[in-house]
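Asks: model_33.pdb is reproduced in full below (PDB, C-alpha atoms).
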ATOM      1  CA  MET A   1      26.077  20.948  -8.236
ATOM      2  CA  ILE A   2      25.906  17.198  -7.655
ATOM      3  CA  TYR A   3      25.816  17.422  -3.839
ATOM      4  CA  LEU A   4      22.653  19.524  -3.858
ATOM      5  CA  ARG A   5      21.092  17.183  -6.396
ATOM      6  CA  LEU A   6      21.957  14.155  -4.244
ATOM      7  CA  PHE A   7      20.480  15.889  -1.203
ATOM      8  CA  TYR A   8      17.327  16.858  -3.144
ATOM      9  CA  GLU A   9      16.739  13.412  -4.681
ATOM     10  CA  PHE A  10      17.216  11.612  -1.379
ATOM     11  CA  PHE A  11      15.184  14.237   0.496
ATOM     12  CA  LYS A  12      12.266  13.341  -1.815
ATOM     13  CA  ALA A  13      12.844   9.649  -1.140
ATOM     14  CA  GLY A  14      12.929  10.230   2.604
ATOM     15  CA  LEU A  15       9.843  12.421   2.476
ATOM     16  CA  PHE A  16       7.592  10.067   0.535
ATOM     17  CA  ALA A  17       9.026   6.614   1.285
ATOM     18  CA  VAL A  18       6.795   5.879   4.248
ATOM     19  CA  GLY A  19       7.003   2.348   5.546
ATOM     20  CA  GLY A  20      10.702   1.653   5.715
ATOM     21  CA  GLY A  21      13.808   1.569   3.597
ATOM     22  CA  LEU A  22      12.481  -0.726   0.881
ATOM     23  CA  ALA A  23       9.815   1.878   0.159
ATOM     24  CA  THR A  24      12.651   4.046  -1.210
ATOM     25  CA  LEU A  25      13.192   1.618  -4.109
ATOM     26  CA  PRO A  26      10.709   3.220  -6.524
ATOM     27  CA  PHE A  27      12.365   6.582  -5.847
ATOM     28  CA  LEU A  28      15.798   5.056  -6.424
ATOM     29  CA  GLN A  29      14.584   3.589  -9.713
ATOM     30  CA  ASP A  30      13.403   7.071 -10.665
ATOM     31  CA  ILE A  31      16.777   8.542  -9.660
ATOM     32  CA  SER A  32      18.467   5.909 -11.813
ATOM     33  CA  ASP A  33      16.275   6.753 -14.793
ATOM     34  CA  SER A  34      16.502  10.534 -14.452
ATOM     35  CA  THR A  35      20.182  10.950 -13.532
ATOM     36  CA  GLY A  36      21.995   7.904 -14.888
ATOM     37  CA  TRP A  37      24.073   7.743 -11.698
ATOM     38  CA  PHE A  38      23.530   3.980 -11.541
ATOM     39  CA  THR A  39      21.783   1.270 -13.538
ATOM     40  CA  HIS A  40      18.917  -0.915 -12.383
ATOM     41  CA  GLY A  41      21.430  -3.772 -12.092
ATOM     42  CA  GLN A  42      23.598  -1.652  -9.819
ATOM     43  CA  LEU A  43      20.455  -0.798  -7.843
ATOM     44  CA  ALA A  44      19.876  -4.515  -7.265
ATOM     45  CA  ASP A  45      23.476  -4.742  -6.012
ATOM     46  CA  MET A  46      22.813  -1.727  -3.773
ATOM     47  CA  VAL A  47      19.816  -3.470  -2.250
ATOM     48  CA  ALA A  48      21.840  -6.645  -1.632
ATOM     49  CA  VAL A  49      24.704  -4.748   0.021
ATOM     50  CA  SER A  50      22.336  -2.517   2.008
ATOM     51  CA  GLU A  51      20.328  -5.497   3.262
ATOM     52  CA  SER A  52      23.455  -7.308   4.393
ATOM     53  CA  THR A  53      25.036  -4.411   6.295
ATOM     54  CA  PRO A  54      23.931  -3.168   9.711
ATOM     55  CA  GLY A  55      21.691  -0.138   9.912
ATOM     56  CA  PRO A  56      18.570   1.171   8.205
ATOM     57  CA  ILE A  57      18.404   0.081   4.571
ATOM     58  CA  GLY A  58      17.346   3.531   3.313
ATOM     59  CA  VAL A  59      20.379   5.139   4.939
ATOM     60  CA  ASN A  60      22.643   2.355   3.684
ATOM     61  CA  MET A  61      21.381   2.806   0.116
ATOM     62  CA  ALA A  62      21.781   6.583   0.336
ATOM     63  CA  THR A  63      25.338   6.088   1.581
ATOM     64  CA  TYR A  64      26.128   3.594  -1.185
ATOM     65  CA  CYS A  65      24.632   5.758  -3.930
ATOM     66  CA  GLY A  66      26.168   8.996  -2.647
ATOM     67  CA  MET A  67      29.582   7.385  -2.236
ATOM     68  CA  THR A  68      29.636   5.834  -5.710
ATOM     69  CA  THR A  69      28.323   9.030  -7.277
ATOM     70  CA  ALA A  70      30.351  11.741  -5.519
ATOM     71  CA  GLY A  71      32.569  10.219  -2.833
ATOM     72  CA  ILE A  72      32.311  10.982   0.871
ATOM     73  CA  PRO A  73      30.685  14.425   0.448
ATOM     74  CA  GLY A  74      28.094  12.808  -1.836
ATOM     75  CA  ALA A  75      27.404  10.106   0.741
ATOM     76  CA  LEU A  76      26.942  12.751   3.436
ATOM     77  CA  ALA A  77      24.607  14.803   1.226
ATOM     78  CA  ALA A  78      22.482  11.762   0.322
ATOM     79  CA  VAL A  79      22.309  10.491   3.915
ATOM     80  CA  PHE A  80      21.395  13.915   5.273
ATOM     81  CA  GLY A  81      18.730  14.208   2.568
ATOM     82  CA  VAL A  82      17.143  10.846   3.352
ATOM     83  CA  ILE A  83      17.120  11.241   7.163
ATOM     84  CA  LEU A  84      15.985  14.866   7.405
ATOM     85  CA  PRO A  85      12.289  14.358   6.421
ATOM     86  CA  PRO A  86      11.601  11.551   8.944
ATOM     87  CA  PHE A  87      13.448  13.540  11.601
ATOM     88  CA  ILE A  88      11.230  16.572  10.973
ATOM     89  CA  MET A  89       8.106  14.379  10.838
ATOM     90  CA  MET A  90       8.932  12.733  14.170
ATOM     91  CA  ILE A  91       9.362  16.125  15.806
ATOM     92  CA  LEU A  92       5.967  17.219  14.449
ATOM     93  CA  VAL A  93       4.259  13.955  15.401
ATOM     94  CA  THR A  94       5.658  14.205  18.926
ATOM     95  CA  PHE A  95       4.501  17.792  19.235
ATOM     96  CA  PHE A  96       0.980  17.068  17.958
ATOM     97  CA  TYR A  97       0.639  13.489  19.251
ATOM     98  CA  THR A  98      -2.589  13.988  21.183
ATOM     99  CA  PHE A  99      -4.349  15.524  18.185
ATOM    100  CA  ILE A 100      -2.902  13.048  15.675
ATOM    101  CA  SER A 101      -3.609   9.891  17.666
ATOM    102  CA  THR A 102      -7.326  10.585  17.993
ATOM    103  CA  ASN A 103      -8.102  12.285  14.687
ATOM    104  CA  PRO A 104     -10.072   9.993  12.326
ATOM    105  CA  TYR A 105      -8.885  11.916   9.248
ATOM    106  CA  VAL A 106      -5.266  11.358  10.191
ATOM    107  CA  ARG A 107      -6.015   7.651  10.627
ATOM    108  CA  LEU A 108      -7.574   7.551   7.142
ATOM    109  CA  PHE A 109      -4.553   9.388   5.734
ATOM    110  CA  ILE A 110      -2.159   6.885   7.313
ATOM    111  CA  GLY A 111      -4.262   3.993   5.988
ATOM    112  CA  GLY A 112      -4.075   5.489   2.497
ATOM    113  CA  MET A 113      -0.322   5.877   2.801
ATOM    114  CA  GLN A 114      -0.011   2.212   3.800
ATOM    115  CA  MET A 115      -1.916   1.145   0.683
ATOM    116  CA  GLY A 116       0.354   3.305  -1.458
ATOM    117  CA  VAL A 117       3.465   1.821   0.131
ATOM    118  CA  CYS A 118       2.139  -1.692  -0.490
ATOM    119  CA  ALA A 119       1.596  -0.846  -4.159
ATOM    120  CA  MET A 120       5.111   0.623  -4.473
ATOM    121  CA  LEU A 121       6.694  -2.425  -2.828
ATOM    122  CA  LEU A 122       4.732  -4.771  -5.085
ATOM    123  CA  ASP A 123       6.015  -2.825  -8.094
ATOM    124  CA  VAL A 124       9.588  -3.215  -6.836
ATOM    125  CA  VAL A 125       9.141  -6.935  -6.165
ATOM    126  CA  LEU A 126       7.756  -7.459  -9.669
ATOM    127  CA  GLY A 127      10.662  -5.471 -11.119
ATOM    128  CA  LEU A 128      13.204  -7.574  -9.213
ATOM    129  CA  PHE A 129      11.396 -10.745 -10.270
ATOM    130  CA  ASN A 130      11.647  -9.622 -13.903
ATOM    131  CA  GLY A 131      15.421  -9.696 -13.417
ATOM    132  CA  VAL A 132      15.155 -13.303 -12.235
ATOM    133  CA  ARG A 133      12.816 -14.124 -15.110
ATOM    134  CA  LYS A 134      15.291 -12.721 -17.666
ATOM    135  CA  MET A 135      17.936 -15.185 -16.422
ATOM    136  CA  ASN A 136      15.553 -17.941 -17.568
ATOM    137  CA  ASN A 137      16.974 -20.530 -15.171
ATOM    138  CA  ILE A 138      14.789 -22.892 -13.140
ATOM    139  CA  PHE A 139      17.354 -22.793 -10.308
ATOM    140  CA  TYR A 140      16.602 -19.107  -9.664
ATOM    141  CA  TYR A 141      12.856 -19.692  -9.682
ATOM    142  CA  ILE A 142      13.279 -22.468  -7.122
ATOM    143  CA  MET A 143      15.494 -20.225  -4.965
ATOM    144  CA  VAL A 144      12.885 -17.433  -5.013
ATOM    145  CA  VAL A 145      10.095 -19.806  -3.973
ATOM    146  CA  LEU A 146      12.208 -21.482  -1.277
ATOM    147  CA  CYS A 147      13.349 -18.144   0.160
ATOM    148  CA  PHE A 148       9.771 -16.885   0.202
ATOM    149  CA  LEU A 149       8.618 -20.013   2.018
ATOM    150  CA  VAL A 150      11.455 -19.784   4.549
ATOM    151  CA  VAL A 151      10.607 -16.144   5.296
ATOM    152  CA  CYS A 152       6.889 -16.892   5.632
ATOM    153  CA  LEU A 153       7.079 -20.155   7.543
ATOM    154  CA  SER A 154      10.068 -19.675   9.845
ATOM    155  CA  LYS A 155      11.536 -17.141  12.163
ATOM    156  CA  LEU A 156      14.873 -17.219  10.337
ATOM    157  CA  SER A 157      16.377 -13.770  10.115
ATOM    158  CA  VAL A 158      16.569 -12.295   6.625
ATOM    159  CA  PHE A 159      20.266 -11.705   7.331
ATOM    160  CA  TYR A 160      20.899 -15.441   7.731
ATOM    161  CA  LEU A 161      18.766 -16.178   4.696
ATOM    162  CA  ALA A 162      20.898 -13.744   2.676
ATOM    163  CA  LEU A 163      24.068 -15.474   3.932
ATOM    164  CA  LEU A 164      22.597 -18.826   2.961
ATOM    165  CA  CYS A 165      21.748 -17.534  -0.533
ATOM    166  CA  ILE A 166      25.282 -16.168  -0.909
ATOM    167  CA  ALA A 167      26.684 -19.578   0.083
ATOM    168  CA  VAL A 168      24.403 -21.339  -2.413
ATOM    169  CA  ALA A 169      25.452 -18.894  -5.163
ATOM    170  CA  ILE A 170      29.136 -19.510  -4.390
ATOM    171  CA  VAL A 171      28.662 -23.288  -4.495
ATOM    172  CA  LYS A 172      26.692 -23.023  -7.755
ATOM    173  CA  THR A 173      29.407 -20.826  -9.292
ATOM    174  CA  LEU A 174      32.151 -23.239  -8.208
ATOM    175  CA  MET A 175      30.194 -26.186  -9.626
ATOM    176  CA  ILE A 176      29.830 -24.405 -12.969
ATOM    177  CA  LYS A 177      33.541 -23.550 -12.968
ATOM    178  CA  ILE A 178      34.498 -27.175 -12.235
ATOM    179  CA  LYS A 179      32.126 -28.407 -14.949
ATOM    180  CA  VAL A 180      33.617 -25.994 -17.514
ATOM    181  CA  GLU A 181      37.187 -26.945 -16.535
ATOM    182  CA  HIS A 182      36.281 -30.635 -16.728
ATOM    183  CA  ARG A 183      34.742 -30.174 -20.167
ATOM    184  CA  ASN A 184      37.772 -28.221 -21.406
ATOM    185  CA  LEU A 185      40.123 -30.868 -20.023
ATOM    186  CA  TYR A 186      38.464 -33.731 -21.899
ATOM    187  CA  HIS A 187      37.632 -31.968 -25.157
TER     188      HIS A 187
END
With the file now loaded, output its structure as structure tokens.
Replies:
Amino acid sequence: MIYLRLFYEFFKAGLFAVGGGLATLPFLQDISDSTGWFTHGQLADMVAVSESTPGPIGVNMATYCGMTTAGIPGALAAVFGVILPPFIMMILVTFFYTFISTNPYVRLFIGGMQMGVCAMLLDVVLGLFNGVRKMNNIFYYIMVVLCFLVVCLSKLSVFYLALLCIAVAIVKTLMIKIKVEHRNLYH
């Protein structure tokens, strides 16, 4: 049954994707590979849509994937799966806060989890960059570097940066279209 599978796959993502929604990307790549519900290209689209809509990115991606895979019940199953583990963890952390906050082993565990999340995010970034590299266009390389610099050196919201990138892509597409029409007109 696809709804149980959606719940299970996103439950795993919610359970192990510590550090925020982007930490779910390696799990989503695994879901893509193991189920065929979506391609890696569609996953990149999912990330773009999820980043540009309000709300937590992990929940947005679960909604997007569940909806495209099995409609509204699929979206509900995926969202419930991805939010249940952090919900349970927060209840446990709240209950055991005094013990957890002072325990050196727990601190080491959390530090280890942070290193793992960093490694997973780096893997995702390299995978996304491979998509840019395959386009083999200097314009995209320049856009990646400029966006990175803007994020690092300014306080510009990622939302506005995404809007700016969309505007640049639209202008670039229109320029290509005009160039092709111009060439066809005079040849």
Asks: Give me, please, the distance in Å between CA of Ile100 (chain A) and CA of Ile83 (chain A), quoted to one decimal.
Replies: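 It comes out at 21.8 Å.
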Asks: Excluding region 166-169 of chain A and residues on its chain fewer than 5 positions from it, collect all residues at most 12 Å away from it, counting all atoms listed in the file, and give them as a PDB file with C-alpha atoms, in the frame of the given file.
Replies:
ATOM      1  CA  ALA A  48      21.840  -6.645  -1.632  1.00  0.00           C
ATOM      2  CA  VAL A  49      24.704  -4.748   0.021  1.00  0.00           C
ATOM      3  CA  SER A  52      23.455  -7.308   4.393  1.00  0.00           C
ATOM      4  CA  PHE A 139      17.354 -22.793 -10.308  1.00  0.00           C
ATOM      5  CA  TYR A 140      16.602 -19.107  -9.664  1.00  0.00           C
ATOM      6  CA  MET A 143      15.494 -20.225  -4.965  1.00  0.00           C
ATOM      7  CA  CYS A 147      13.349 -18.144   0.160  1.00  0.00           C
ATOM      8  CA  PHE A 159      20.266 -11.705   7.331  1.00  0.00           C
ATOM      9  CA  TYR A 160      20.899 -15.441   7.731  1.00  0.00           C
ATOM     10  CA  LEU A 161      18.766 -16.178   4.696  1.00  0.00           C
ATOM     11  CA  LEU A 174      32.151 -23.239  -8.208  1.00  0.00           C
ATOM     12  CA  MET A 175      30.194 -26.186  -9.626  1.00  0.00           C
ATOM     13  CA  ILE A 176      29.830 -24.405 -12.969  1.00  0.00           C
TER      14      ILE A 176
END
Asks: Can you list, as JSON, numbers by chain, the residues that the PyMOL selection byres ((chain A and resi 62) around 12) selects here?
Replies: {"A": [6, 7, 8, 9, 10, 11, 12, 13, 14, 21, 22, 24, 25, 27, 28, 31, 43, 46, 47, 49, 50, 55, 56, 57, 58, 59, 60, 61, 63, 64, 65, 66, 67, 68, 69, 70, 71, 72, 73, 74, 75, 76, 77, 78, 79, 80, 81, 82, 83]}
Asks: Could you list the residues chosen by the PyMOL selection byres ((chain A and resi 123-127) around 9) in this structure as a PyMOL selection string?
Replies: chain A and resi 22-23+25-26+29+118-122+128-131
Asks: Taking all atoms of region 140-154 of chain A that appear in the file, build a box with edges along x, y and z, extend it by 6 Å on every side, and state its centre and edge lengths in Å to one decimal, as JSON.
Replies:
{"center_x": 11.7, "center_y": -19.3, "center_z": 0.1, "size_x": 21.7, "size_y": 18.3, "size_z": 31.5}
Asks: Kindly indicate which residue among A:Tyr97, A:Tyr141, A:Phe109, A:Tyr186 lies nearest to Val18 (chain A), using all atoms listed in the file for the distances.
Replies: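 Counting all atoms listed in the file, the residue closest to Val18 (chain A) is A:Phe109.
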Asks: Can you measure CA of Cys165 (chain A) to CA of Val144 (chain A) for me? One decimal in Å is fine.
Replies: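 CA of Val144 (chain A) lies at a distance of 9.9 Å from CA of Cys165 (chain A).
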Asks: With distances taken over only C-alpha atoms, which residue among A:Val132, A:Leu4, A:Cys152, A:Leu15 lies nearest Phe87 (chain A)?
Replies: A:Leu15
Asks: So which one's closest to Ser157 (chain A), A:Ile110, A:Glu181, A:Gln42, A:Glu51? Using all atoms listed in the file, please.
Replies: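 Among the listed residues, the smallest separation from Ser157 (chain A) belongs to A:Glu51.
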